[in-house]
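Asker: To start, I am sharing the structure in question, which I have written as structure tokens.
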Amino acid sequence: MSTTTTQSGLARARRGLAPAGSGGGSRSSGANRKSKLSAQATRTFFWLLLPSVVLLVLIHGYPLVYAAVQATHDGNLLQTGNFVGGENFATVLSSPAFWKAAQFTLWFTIVGVFGSWLLGLGLALLLRTKIPAGGTFKVLLLLPWVVPIVVSSTAWNWLVATPDSLIPSLFRNLGLGTPLFLADPTLASITVMVFKVWVSFPFMMMMTSAALASVDSTVYEAASMDGATRWQQFSQITLPLIARSTYISWILMTIFCVNDFPTIYLLTGGGPVSATTSLVVLAYRTVFQDFATGPGVAIAFLMTMTLVVISVILYRQIRKSSVE
């Protein structure tokens, strides 16, 4: 009997349980101590976090409030002007230039996000295989993202800006005519979108490579033993397992594309005939060239609200993918 009791006590000790016969008072006092420690940790966390929160509110809150004031007044860069309520928003929403810029921004964002993601995904899958000089190849692929945008846009201007540039000359020598990539509205739009994909795909490649590195290779081995094809492994294993990272990269790249000013302005300046004018370029022109601060800031507010809605939708997809 005593041997059985001893073994039972040892088993309970290994599991971290109280000895048999211990009263509920010790458990209650332990719970109280844990509760006090938890409350103390919460207070410490709050006071440590408070300075950062106050700093962030001051840094982001003041410009936001001032922008809201500007958006509801008819002033300029020097004067606030008179209060006009939502008149600036009504003016912007009734402007054909706004909707033309919104349409270009939409296509620019769709092509920029999914074009760079598809290219980055393909290259990430390629780099996962054993290829010669894979490390050097990866470094070279990062150059479009690392090189300053001013240098990249200058290089692209040298390639396509004039009829005597390298690529138009190549088309002409092949008997395909002389395309004016930055003078024709359609070709200029396509060129800007391709340039955005070229600049952005290294970011998507690195995000996807990091997500793929976390996928256990034994999953693919088990799928191969079950007779799954390459496409089935990709569509039913790879994509679901990297879904969380994919949605995060989509959110970030959407924000990058909608707010992208230098890529467009340095390559085309928003032309020709406003064909490549995005919302951020339109807001810049409205504020700093037309000196209409109210409508320009109203455009920025509409952009921000749109980005918030898109981010919330994609964030919900992230939560769903995490649960699944």
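How things are named: the first chain in the structure tokens is A, the next is B, and so on; residues count from 1 in each chain; ligands count from 1 in the order shown.
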Quick one: everything within 6 Å of region 255-271 of chain A, counting only C-alpha atoms, minus sequence neighbours fewer than 5 positions away in the same chain. Send it as a list in words.
Answerer: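 Once the nearby chain positions are removed, what remains is Thr109, Ser153, Thr276 and Thr277 of chain A.
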Asker: Store the residues picked out above in a file with C-alpha atoms, as a PDB file, in the first residue's frame.
Answerer:
```pdb
ATOM      1  CA  THR A 109      -2.142  48.761 -58.673  1.00  0.00           C
ATOM      2  CA  SER A 153      13.992  55.681 -64.086  1.00  0.00           C
ATOM      3  CA  THR A 276      -0.351  58.063 -66.545  1.00  0.00           C
ATOM      4  CA  THR A 277      -1.593  60.492 -63.900  1.00  0.00           C
TER       5      THR A 277
END
```
Asker: Which distance in Å separates CA of Lys100 (chain A) and CA of Ser152 (chain A), to one decimal?
Answerer: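 Going from CA of Lys100 (chain A) over to CA of Ser152 (chain A), I get 26.6 Å.
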Asker: Using only C-alpha atoms, determine which residues lie at most 9 Å from Ser200 (chain A), disregarding the query and same-chain residues fewer than 2 positions distant; provide the list as a PyMOL selection string.
Answerer: chain A and resi 112-113+116-117+120+144-145+195-198+202-205+253
Asker: Give me the residues within 12 Å of Thr208 (chain A) as a PyMOL selection string, counting only C-alpha atoms and dropping any in the same chain fewer than 3 places off.
Answerer: chain A and resi 116-128+201-205+211-215+238-239+241-250
Asker: When you count only C-alpha atoms, which of these residues is closest to Ser189 (chain A): A:Phe89, A:Phe288, A:Phe108, A:Tyr315?
Answerer: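 Distance minimum relative to Ser189 (chain A) lands on A:Phe108.
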Asker: Which residue gives the smallest distance to Val160 (chain A) among A:Leu78, A:Leu180, A:Val147, A:Ala228, with only C-alpha atoms counted?
Answerer: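 Closest candidate: A:Leu180.
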Asker: If you run DSSP on the backbone, which residues of region 23-212 of chain A are helix (DSSP H, G or I), as a ChimeraX atom specification?
Answerer: /A:24-71,87-93,96-128,134-141,143-146,149-160,166-173,185-212
Asker: Let me see the file: selected residues, C-alpha atoms, as a tab-separated table (two decimals), in the first residue's frame.
Answerer:
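Here's the written file out.tsv:
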```tsv
chain	number	residue	atom	x	y	z
A	24	GLY	CA	-7.19	23.92	-1.55
A	25	GLY	CA	-5.64	26.84	0.35
A	26	SER	CA	-2.22	26.43	-1.28
A	27	ARG	CA	-3.76	26.34	-4.73
A	28	SER	CA	-5.79	29.42	-3.93
A	29	SER	CA	-2.78	31.35	-2.65
A	30	GLY	CA	-0.79	30.35	-5.75
A	31	ALA	CA	-3.57	31.59	-8.00
A	32	ASN	CA	-3.68	34.88	-6.10
A	33	ARG	CA	0.06	35.35	-6.49
A	34	LYS	CA	-0.19	34.69	-10.22
A	35	SER	CA	-3.06	37.17	-10.49
A	36	LYS	CA	-1.06	39.86	-8.70
A	37	LEU	CA	1.99	39.21	-10.91
A	38	SER	CA	-0.20	39.37	-14.01
A	39	ALA	CA	-1.74	42.69	-12.93
A	40	GLN	CA	1.70	44.09	-12.14
A	41	ALA	CA	3.05	42.97	-15.52
A	42	THR	CA	0.07	44.60	-17.25
A	43	ARG	CA	0.70	47.91	-15.49
A	44	THR	CA	4.40	47.77	-16.30
A	45	PHE	CA	3.65	47.01	-19.93
A	46	PHE	CA	1.20	49.95	-20.08
A	47	TRP	CA	3.68	52.47	-18.67
A	48	LEU	CA	6.47	51.23	-20.94
A	49	LEU	CA	4.21	51.44	-23.98
A	50	LEU	CA	2.67	54.83	-23.16
A	51	PRO	CA	5.60	57.06	-24.32
A	52	SER	CA	5.70	55.36	-27.71
A	53	VAL	CA	1.94	55.66	-28.14
A	54	VAL	CA	1.99	59.35	-27.22
A	55	LEU	CA	4.86	59.97	-29.65
A	56	LEU	CA	3.06	58.16	-32.47
A	57	VAL	CA	-0.16	60.09	-31.80
A	58	LEU	CA	1.72	63.38	-31.94
A	59	ILE	CA	3.64	62.45	-35.09
A	60	HIS	CA	0.67	61.06	-37.01
A	61	GLY	CA	-2.23	62.74	-35.26
A	62	TYR	CA	-1.25	66.37	-35.85
A	63	PRO	CA	-0.73	66.02	-39.64
A	64	LEU	CA	-3.98	64.07	-39.91
A	65	VAL	CA	-5.96	66.71	-38.03
A	66	TYR	CA	-4.34	69.53	-39.99
A	67	ALA	CA	-5.06	67.72	-43.27
A	68	ALA	CA	-8.70	67.35	-42.23
A	69	VAL	CA	-8.82	71.09	-41.60
A	70	GLN	CA	-7.29	71.79	-45.02
A	71	ALA	CA	-9.72	69.42	-46.74
A	87	GLU	CA	-17.53	71.05	-50.90
A	88	ASN	CA	-13.96	70.04	-51.77
A	89	PHE	CA	-14.93	66.36	-51.72
A	90	ALA	CA	-17.94	67.07	-53.94
A	91	THR	CA	-15.72	69.00	-56.36
A	92	VAL	CA	-13.22	66.16	-56.52
A	93	LEU	CA	-15.83	63.42	-56.97
A	96	PRO	CA	-13.51	63.80	-64.76
A	97	ALA	CA	-9.78	64.16	-64.04
A	98	PHE	CA	-10.24	62.45	-60.67
A	99	TRP	CA	-12.02	59.44	-62.16
A	100	LYS	CA	-9.48	59.17	-64.98
A	101	ALA	CA	-6.67	59.17	-62.41
A	102	ALA	CA	-8.59	56.68	-60.25
A	103	GLN	CA	-8.96	54.34	-63.23
A	104	PHE	CA	-5.25	54.48	-64.01
A	105	THR	CA	-4.41	53.99	-60.31
A	106	LEU	CA	-6.65	50.91	-60.21
A	107	TRP	CA	-4.95	49.28	-63.22
A	108	PHE	CA	-1.52	50.39	-62.06
A	109	THR	CA	-2.14	48.76	-58.67
A	110	ILE	CA	-3.62	45.53	-60.07
A	111	VAL	CA	-0.73	45.05	-62.52
A	112	GLY	CA	1.85	46.16	-59.96
A	113	VAL	CA	0.61	43.83	-57.21
A	114	PHE	CA	-0.20	40.68	-59.16
A	115	GLY	CA	2.44	41.11	-61.85
A	116	SER	CA	5.23	41.48	-59.30
A	117	TRP	CA	3.77	38.68	-57.18
A	118	LEU	CA	3.58	36.19	-60.04
A	119	LEU	CA	7.09	37.03	-61.20
A	120	GLY	CA	8.41	36.94	-57.64
A	121	LEU	CA	6.65	33.63	-56.94
A	122	GLY	CA	8.09	32.03	-60.06
A	123	LEU	CA	11.61	33.18	-59.26
A	124	ALA	CA	11.27	32.10	-55.61
A	125	LEU	CA	10.25	28.61	-56.73
A	126	LEU	CA	13.17	28.58	-59.18
A	127	LEU	CA	15.65	29.63	-56.50
A	128	ARG	CA	14.36	26.87	-54.26
A	134	GLY	CA	22.05	30.44	-56.92
A	135	GLY	CA	23.31	32.93	-54.32
A	136	THR	CA	24.82	35.23	-56.95
A	137	PHE	CA	21.67	34.96	-59.04
A	138	LYS	CA	19.54	36.00	-56.05
A	139	VAL	CA	21.75	39.03	-55.38
A	140	LEU	CA	21.45	40.13	-59.01
A	141	LEU	CA	17.68	39.77	-58.88
A	143	LEU	CA	19.20	44.98	-57.84
A	144	PRO	CA	15.95	46.50	-59.22
A	145	TRP	CA	14.70	46.90	-55.63
A	146	VAL	CA	18.04	48.06	-54.20
A	149	ILE	CA	14.45	54.82	-58.20
A	150	VAL	CA	16.09	57.89	-59.76
A	151	VAL	CA	18.80	55.70	-61.27
A	152	SER	CA	16.28	53.10	-62.48
A	153	SER	CA	13.99	55.68	-64.09
A	154	THR	CA	16.96	57.33	-65.81
A	155	ALA	CA	18.02	53.96	-67.21
A	156	TRP	CA	14.51	53.23	-68.47
A	157	ASN	CA	14.29	56.69	-70.05
A	158	TRP	CA	17.53	55.95	-71.86
A	159	LEU	CA	16.03	52.68	-73.11
A	160	VAL	CA	12.62	53.90	-74.34
A	166	LEU	CA	17.77	51.37	-77.68
A	167	ILE	CA	14.44	49.52	-77.67
A	168	PRO	CA	12.66	51.67	-80.32
A	169	SER	CA	15.77	51.31	-82.52
A	170	LEU	CA	15.63	47.55	-82.06
A	171	PHE	CA	11.97	47.48	-83.10
A	172	ARG	CA	12.78	49.61	-86.15
A	173	ASN	CA	15.66	47.36	-87.22
A	185	PRO	CA	-0.88	57.26	-74.10
A	186	THR	CA	-1.51	53.50	-74.23
A	187	LEU	CA	2.15	52.55	-74.58
A	188	ALA	CA	3.11	54.99	-71.83
A	189	SER	CA	0.60	53.40	-69.44
A	190	ILE	CA	1.89	49.92	-70.27
A	191	THR	CA	5.51	51.05	-69.90
A	192	VAL	CA	4.89	52.57	-66.47
A	193	MET	CA	3.14	49.39	-65.27
A	194	VAL	CA	5.93	47.15	-66.57
A	195	PHE	CA	8.46	49.43	-64.90
A	196	LYS	CA	6.58	49.10	-61.62
A	197	VAL	CA	6.60	45.30	-61.88
A	198	TRP	CA	10.32	45.35	-62.65
A	199	VAL	CA	11.08	47.54	-59.64
A	200	SER	CA	8.81	45.60	-57.24
A	201	PHE	CA	9.27	41.91	-58.03
A	202	PRO	CA	12.40	41.51	-55.82
A	203	PHE	CA	10.34	42.45	-52.76
A	204	MET	CA	7.71	39.85	-53.63
A	205	MET	CA	10.42	37.30	-54.37
A	206	MET	CA	11.99	37.74	-50.94
A	207	MET	CA	8.61	37.59	-49.16
A	208	THR	CA	7.70	34.41	-51.02
A	209	SER	CA	11.14	32.86	-50.52
A	210	ALA	CA	10.85	33.39	-46.77
A	211	ALA	CA	7.39	31.79	-46.75
A	212	LEU	CA	8.54	28.82	-48.84
```
